[in-house]
Structure formats: structure tokens, C-alpha cells
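Asks: Have a look at the structure that comes next, please.
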Amino acid sequence: MLLFITGSFPESREGIAHSAGMLFDHMRKYNGGIRLLTTDTPVITGHLKKNRITGYSLMHDWHLKPANIRRLFSVLKDEDVTAVHMEYPGDLYGKTFLASFIPFLVHLYAKRRHTGITVNVRLHEFLRARFLRKLAVIPILLSADRIYVPSLKDRDAVRHFAKDRVFSTFIGSNMVRNGNSIPSAPKDTVISYFGSVYPGKGFERMLKIWQRLKAGENGNGYVFRVIGDIGTEEGNHFLDYHKKIRSLIKQYSLTDDIKITGFKSPSDVQGYIDKSSMAMLLFEDGLSLRRGSFLACLEYGIPVITTPGDHEAAALFTGHPGVAMCKDDEEILRKVRDYARLTEPERKMIYDDNTGLSQLFNWDNIAKGYLKDYGII
């Protein structure tokens with residue numbers, strides 16, 4: 001039996017939550033007996049009931065305390081678990097440490113029960129994590145049997161701790177495109193940013209470029225859209241950064257020019273991306289294969305302007321007309337103008353090529369790969 005552990009799960013408002021949900025759903029297509037251990041919150045339990053998901057257990061919190069350790073051991077025993085798949089990180093684990101020691105605790109349980117359980121962790125990030133998050137990851141790296149890491153730079157870093165237990169993996173798009181026809185070109189040139197807004201995503205640089213585009217001779221023909229939230233409510237994890245971004249938008253006189261959608265459901269996101277002329281995703285550490293927002297834009301077939309990637313991303317995307325990995329702001333501005341002038345045949349070519357590339361990141365194939373590694377299928 002496989003136990004799928006994740007702190008965050010749909011409908012939590014973070015990319016990892018949706019990614020975990022997509023992977024879990026596709027794993028269950030091949031083995032309906034897979035069990036889930038996640039966080040007891042109203043949005044998650046509501047999602048479980050709405051989608052009639054059975055065979056799950058809940059943690060009220062992820063504090064490292066005896067009651068929660070007993071809870072974990074009880075789930076391992078009751079479900080007769082032979083392998084664990086764990087998603088890390090996730091906001092709903094909180095600033096606690098039970099998740100950090102799950103691989104160690106599972107091995108401790110297995111040793112006491114004289115049984116074998118492998119612990120496999122899909123690690124979404126490492127280098128860009130804050131110092132305390134990095135410390136929290138180290139016990140996982142020291143104890144897990146396999147650690148799957150999408151980003152090449154992150155993989156190289158975690159190998160210092162986990163050696164040959166580190167493996168490459170793809171992530172899939174959190175969005176599923178409905179329909180196979182190319183959407184109509186928007187009347188104006190709509191430049192969209194899609195994803196969470198936090199440091200490292202190149203958002204401040206993008207605002208400066210949008211300011212230059214507005215001030216240019218064709219400025220009235222551009223529409224700027226943020227498909228995501230820049231919230232200033234208390235409790236927002238990135239409250240200080242979002243306040244800074246709001247201030248910059250005002251400083252650059254872009255308040256009336258940037259449309260901010262707020263958090264949206266996947267179906268609403270598709271509508272916004274379909275009505276975009278192009279996406280702009282200027283990752284400060286470059287394009288890598290862990291960028292779900294980039295993969296979603298590929299899925300919907302729109303051109304993407306981004307930053308130069310690591311050699312894995314460069315090998316996959318160089319030479320494809322709908323992926324522009326730009327070295328500097330002047331090149332970005334040139335690509336905006338090029339994409340704004342696309343003819344219908346050129347838009348169709350890019351649509352076909354980008355949607356074709358997106359099939360490399362198919363959740364079905366990713367799920368089967370994990371299950372084969374774990375001996376489940």
C-alpha cells in the first residue's frame with residue numbers, strides 16, 4: 001500500500017497544493033488503493049467530500065509531538081503501508097518540524113515492526129528557500145530513500161547531503177486545457193503574468209519593463225494583467241512584499257493599467273490565459289523544469305517571454321518560437337513587439353508547438369513513473 005503525504009492539498013491557495021492534487025488523482029487511476037494523509041482544514045476536507053475522495057487520514061497540525069507521532073504510526077499500521085510518497089514543502093505544514101522527520105520516523109516504525117517501507121520525497125525547492133526552511137529540509141535529505149527534484153540547480157545542491165539518492169523528475173502543469181482549438185487573438189496586446197507573487201519571480205523588473213512599454217509609442221495598445229493575487233490583508237505570508245509591489249505600481253503610474261485578478265480557480269485561469277497575447281515570467285534564477293506557471297502557459301499555447309534557463313531547460317526549449325529566453329531588457333522589449341505583430345498562421349504555429357511541448361510534462365506519465373519506482377504497478 002502506498003501512503004501519499006502532503007501538507008497542502010486543493011483547495012489551498014498555493015501551487016504545491018494543486019500540484020499534489022493532480023499527482024494524487026493520476027496515481028489513483030492506476031491504483032485505487034492509494035491512501036492520503038493531509039491537513040485537517042475546512043478547504044481541504046471540503047475538497048475531499050466534494051470530489052468523493054475516500055481512504056484518507058487527517059492531521060490537525062504538523063507539530064513534532066508524541067500525539068502526532070502516534071497518529072503517523074497508527075496510519076502506517078492500519079493501512080499496511082509498504083511505501084510513502086511525500087510532497088514537500090507546503091504552507092500548511094506550517095513552521096513546524098514533524099514533516100522534516102517523517103522519513104526518519106517511518107524508518108523507525110518499520111524497524112520496530114520488522115518490515116520494509118521506502119520513503120520517497122518530491123522536493124519542490126531548496127536553494128531559494130529561506131534559511132530556516134533549508135534547515136528543515138536537511139533531516140529529510142539525510143533519511144529519505146529517494147528524493148525527486150525537478151530543478152537541476154536544486155538537485156546539485158541537495159546531492160551534497162543525499163548523494164546518489166537524488167533523482168530528476170518533471171512536474172506537470174496545474175492547469176488542464178479544455179478544448180483543442182486556438183483561442184481568438186485578443187483585440188489589444190495583453191501581456192500576462194501568471195502565478196504567485198513573491199521575491200525571486202522577477203516581478204519588480206517586469207514592472208519597470210511594463211512602465212517602458214506604456215511610455216513607448218504603442219503604449220496605448222498594451223494591456224497588463226496579473227493572474228494572481230497581490231494581497232495586503234493581514235495573515236498574508238508575503239504581506240510586506242505585496243505592499244512593496246503595490247507601492248511600485250503606484251510609483252510607476254501603472255495603477256490604472258494593470259488588471260489584478262486575485263486568486264482564481266483553474267477554470268477561470270484558463271479563460272485569462274486564453275485571452276493573453278503572451279506571458280512574461282522573468283525568474284531571477286532562470287527558467288527551470290520546476291516552474292508550474294511556465295508549464296501552464298505552454299499548456300495553453302501562448303508565447304512566453306522568460307529568462308535564460310539551466311542547461312536542461314535550454315536543451316528543451318531553445319529553438320522553439322514560442323519560448324523566448326531573453327538575456328536583457330532590450331531583448332525582452334524586442335520580443336514583446338515581435339509577439340504583438342504575429343500573424344494568425346504564426347500564432348497557430350506557436351500554439352501547436354507549445355502545446356506539443358507541454359505533453360512532455362504529462363501528469364499521467366509522471367504518476368506512472370513514480371508508481372513503477374515504488375513497485376506499486
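Convention: chains lettered A, B, ... in C-alpha cells order; per-chain residue numbering from 1; ligands numbered from 1 as shown.
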Could you give me, as CSV, a per-residue list for region 25-97 of chain A showing, wherever an atom lies at most 12 Å from an atom of region 11-15 of chain A, the closest pair of atoms and their distance in Å to one decimal, using only C-alpha atoms and sorting by chain then residue number from low to high?

Replies:
residue,atom,partner,partner_atom,distance
A:Thr38,CA,A:Ser12,CA,11.5
A:Thr39,CA,A:Ser12,CA,10.3
A:Asp40,CA,A:Ser12,CA,11.5
A:Thr41,CA,A:Ser12,CA,9.1
A:Pro42,CA,A:Glu11,CA,9.3
A:Val43,CA,A:Glu11,CA,5.6
A:Ile44,CA,A:Glu11,CA,5.9
A:Thr45,CA,A:Glu11,CA,9.1
A:Gly46,CA,A:Glu11,CA,8.3
A:His47,CA,A:Glu11,CA,6.3
A:Leu48,CA,A:Glu11,CA,9.4
A:Lys49,CA,A:Glu11,CA,11.8
A:Lys50,CA,A:Glu11,CA,10.9
A:Asn51,CA,A:Glu11,CA,11.3
A:Glu87,CA,A:Gly15,CA,12.0
A:Tyr88,CA,A:Gly15,CA,11.9
A:Pro89,CA,A:Gly15,CA,10.8
A:Gly90,CA,A:Glu14,CA,8.0
A:Asp91,CA,A:Glu14,CA,7.7
A:Leu92,CA,A:Ser12,CA,8.4
A:Tyr93,CA,A:Ser12,CA,11.9

Asks: Mind writing the picked residues with N, CA and C atoms as a JSON list (two decimals), in the first residue's frame?

Replies:
[["chain", "number", "residue", "atom", "x", "y", "z"],
["A", 38, "THR", "N", -3.18, 14.11, 4.95],
["A", 38, "THR", "CA", -3.05, 15.54, 4.71],
["A", 38, "THR", "C", -3.57, 16.32, 5.90],
["A", 39, "THR", "N", -3.74, 17.63, 5.73],
["A", 39, "THR", "CA", -4.06, 18.52, 6.85],
["A", 39, "THR", "C", -5.56, 18.70, 7.00],
["A", 40, "ASP", "N", -6.00, 18.73, 8.24],
["A", 40, "ASP", "CA", -7.42, 18.90, 8.55],
["A", 40, "ASP", "C", -7.77, 20.39, 8.56],
["A", 41, "THR", "N", -8.14, 20.89, 7.40],
["A", 41, "THR", "CA", -8.61, 22.27, 7.29],
["A", 41, "THR", "C", -9.93, 22.26, 6.51],
["A", 42, "PRO", "N", -10.79, 23.25, 6.70],
["A", 42, "PRO", "CA", -12.09, 23.24, 6.01],
["A", 42, "PRO", "C", -11.97, 23.19, 4.49],
["A", 43, "VAL", "N", -10.98, 23.91, 3.90],
["A", 43, "VAL", "CA", -10.90, 23.91, 2.44],
["A", 43, "VAL", "C", -10.50, 22.54, 1.91],
["A", 44, "ILE", "N", -9.61, 21.84, 2.64],
["A", 44, "ILE", "CA", -9.19, 20.52, 2.19],
["A", 44, "ILE", "C", -10.29, 19.49, 2.41],
["A", 45, "THR", "N", -10.89, 19.46, 3.59],
["A", 45, "THR", "CA", -11.95, 18.48, 3.84],
["A", 45, "THR", "C", -13.14, 18.72, 2.92],
["A", 46, "GLY", "N", -13.39, 20.01, 2.61],
["A", 46, "GLY", "CA", -14.46, 20.31, 1.66],
["A", 46, "GLY", "C", -14.15, 19.75, 0.28],
["A", 47, "HIS", "N", -12.88, 19.87, -0.14],
["A", 47, "HIS", "CA", -12.47, 19.32, -1.44],
["A", 47, "HIS", "C", -12.60, 17.80, -1.45],
["A", 48, "LEU", "N", -12.20, 17.15, -0.36],
["A", 48, "LEU", "CA", -12.27, 15.70, -0.29],
["A", 48, "LEU", "C", -13.71, 15.21, -0.41],
["A", 49, "LYS", "N", -14.61, 15.88, 0.29],
["A", 49, "LYS", "CA", -16.02, 15.48, 0.25],
["A", 49, "LYS", "C", -16.64, 15.79, -1.10],
["A", 50, "LYS", "N", -16.35, 16.98, -1.63],
["A", 50, "LYS", "CA", -16.91, 17.38, -2.92],
["A", 50, "LYS", "C", -16.52, 16.41, -4.03],
["A", 51, "ASN", "N", -15.27, 15.94, -3.97],
["A", 51, "ASN", "CA", -14.77, 15.04, -5.02],
["A", 51, "ASN", "C", -14.87, 13.56, -4.64],
["A", 87, "GLU", "N", 5.12, 14.94, -0.39],
["A", 87, "GLU", "CA", 5.28, 16.21, -1.06],
["A", 87, "GLU", "C", 5.85, 17.22, -0.07],
["A", 88, "TYR", "N", 6.90, 17.95, -0.47],
["A", 88, "TYR", "CA", 7.48, 18.94, 0.43],
["A", 88, "TYR", "C", 8.08, 20.07, -0.40],
["A", 89, "PRO", "N", 7.92, 21.36, 0.01],
["A", 89, "PRO", "CA", 7.25, 21.81, 1.24],
["A", 89, "PRO", "C", 5.76, 21.94, 1.04],
["A", 90, "GLY", "N", 5.16, 23.00, 1.59],
["A", 90, "GLY", "CA", 3.73, 23.25, 1.55],
["A", 90, "GLY", "C", 3.38, 24.12, 2.73],
["A", 91, "ASP", "N", 2.64, 25.19, 2.49],
["A", 91, "ASP", "CA", 2.37, 26.17, 3.55],
["A", 91, "ASP", "C", 1.68, 25.56, 4.76],
["A", 92, "LEU", "N", 0.84, 24.55, 4.52],
["A", 92, "LEU", "CA", 0.05, 24.03, 5.64],
["A", 92, "LEU", "C", 0.84, 23.10, 6.56],
["A", 93, "TYR", "N", 2.06, 22.72, 6.19],
["A", 93, "TYR", "CA", 2.91, 22.08, 7.20],
["A", 93, "TYR", "C", 3.23, 23.09, 8.31]]

Asks: Name the residues of region 97-247 of chain A that come out as strand (DSSP E or B) in a backbone DSSP run; write them as a list in words.

Replies: Thr118, Val119, Asn120, Val121, Arg122, Leu123, Arg146, Ile147, Tyr148, Val149, Val166, Phe167, Ser168, Thr189, Val190, Ile191, Ser192, Tyr193, Phe194, Tyr222, Val223, Phe224, Arg225, Val226 and Ile227 of chain A

Asks: Just give me the gap between CA of Pro103 (chain A) and CA of Val75 (chain A) in Å, one decimal is fine.

Replies: 14.3 Å

Asks: Point out the residue among A:Val121, A:Ala83, A:Leu37, A:Ala129 with the least atom-to-atom distance to Tyr148 (chain A), counting only C-alpha atoms.

Replies: A:Val121

Asks: So, counting only C-alpha atoms, which residue among A:Ala315, A:Leu142, A:Met349, A:Ala340 is closest to His160 (chain A)?

Replies: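 The shortest atom-to-atom distance to His160 (chain A) comes from A:Leu142.
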
Asks: Calculate how many Å separate CA of Gly32 (chain A) from CA of Ile53 (chain A), rounding to one decimal.

Replies: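 Going from CA of Gly32 (chain A) over to CA of Ile53 (chain A) covers 10.4 Å.
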
Asks: Asn120 (chain A): which residues within 7 Å, counting only C-alpha atoms, same-chain residues fewer than 4 positions away excluded, as a list in words?

Replies: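 Contacts, with the query itself left out: Val84, His85, Met86, Ala144, Asp145, Arg146 and Ile147 of chain A.
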
Asks: Please provide as a ChimeraX atom specification all residues within 9 Å of Phe24 (chain A), with the sequence filter that same-chain residues fewer than 2 positions apart are discarded (counting only C-alpha atoms).

Replies: /A:4,19-22,26-29,34,36,367

Asks: Near Val176 (chain A), within 9 Å and counting only C-alpha atoms, which residues show up once chain neighbours fewer than 5 positions away are dropped, as number ranges by chain?

Replies: A: 266-267, 270, 296, 299-300

Asks: Return the single residue from A:Cys297, A:Met325, A:Leu141, A:Ile227 that is closest to Ile260 (chain A), with distances computed using only C-alpha atoms.

Replies: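 Closest candidate: A:Ile227.
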
Asks: Taking into account only C-alpha atoms, which residue in the set A:Leu72, A:Ile102, A:Val190, A:Cys326 is nearest to Glu284 (chain A)?

Replies: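 Checking each of A:Leu72, A:Ile102, A:Val190, A:Cys326 against Glu284 (chain A), counting only C-alpha atoms, the winner is A:Cys326.
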
Asks: By how many Å are CA of Lys134 (chain A) and CA of Asp61 (chain A) apart?

Replies: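 About the pair CA of Lys134 (chain A) and CA of Asp61 (chain A): they are 20.4 Å apart.
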
Asks: Could you tell me which of A:Pro186, A:Gly375, A:Gly202, A:Pro303 comes closest to Asn31 (chain A) if we count only C-alpha atoms?

Replies: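 Nearest candidate to Asn31 (chain A) out of A:Pro186, A:Gly375, A:Gly202, A:Pro303: A:Gly375.
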
Asks: Skipping near chain neighbours, those fewer than 2 positions away, what residues fall within 6 Å of Pro150 (chain A) using only C-alpha atoms, listed as a VMD selection string?

Replies: chain A and resid 168 to 170 289 to 290

Asks: Could you save the residues just selected, with N, CA and C atoms, as a compact mmCIF listing (two decimals), in the first residue's frame?

Replies:
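Everything below was put into selection21.txt:
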# COMPACT_ATOMS: atom_id res chain seq x y z
N SER A 168 16.15 12.95 -10.84
CA SER A 168 15.46 14.00 -11.58
C SER A 168 13.99 13.63 -11.76
N THR A 169 13.16 14.63 -11.96
CA THR A 169 11.75 14.41 -12.21
C THR A 169 11.18 15.63 -12.91
N PHE A 170 10.07 15.44 -13.58
CA PHE A 170 9.32 16.56 -14.13
C PHE A 170 8.20 16.91 -13.16
N LEU A 289 12.83 23.43 -14.85
CA LEU A 289 11.73 22.50 -15.09
C LEU A 289 10.81 22.38 -13.89
N ARG A 290 10.95 23.25 -12.89
CA ARG A 290 10.02 23.20 -11.75
C ARG A 290 9.03 24.36 -11.80
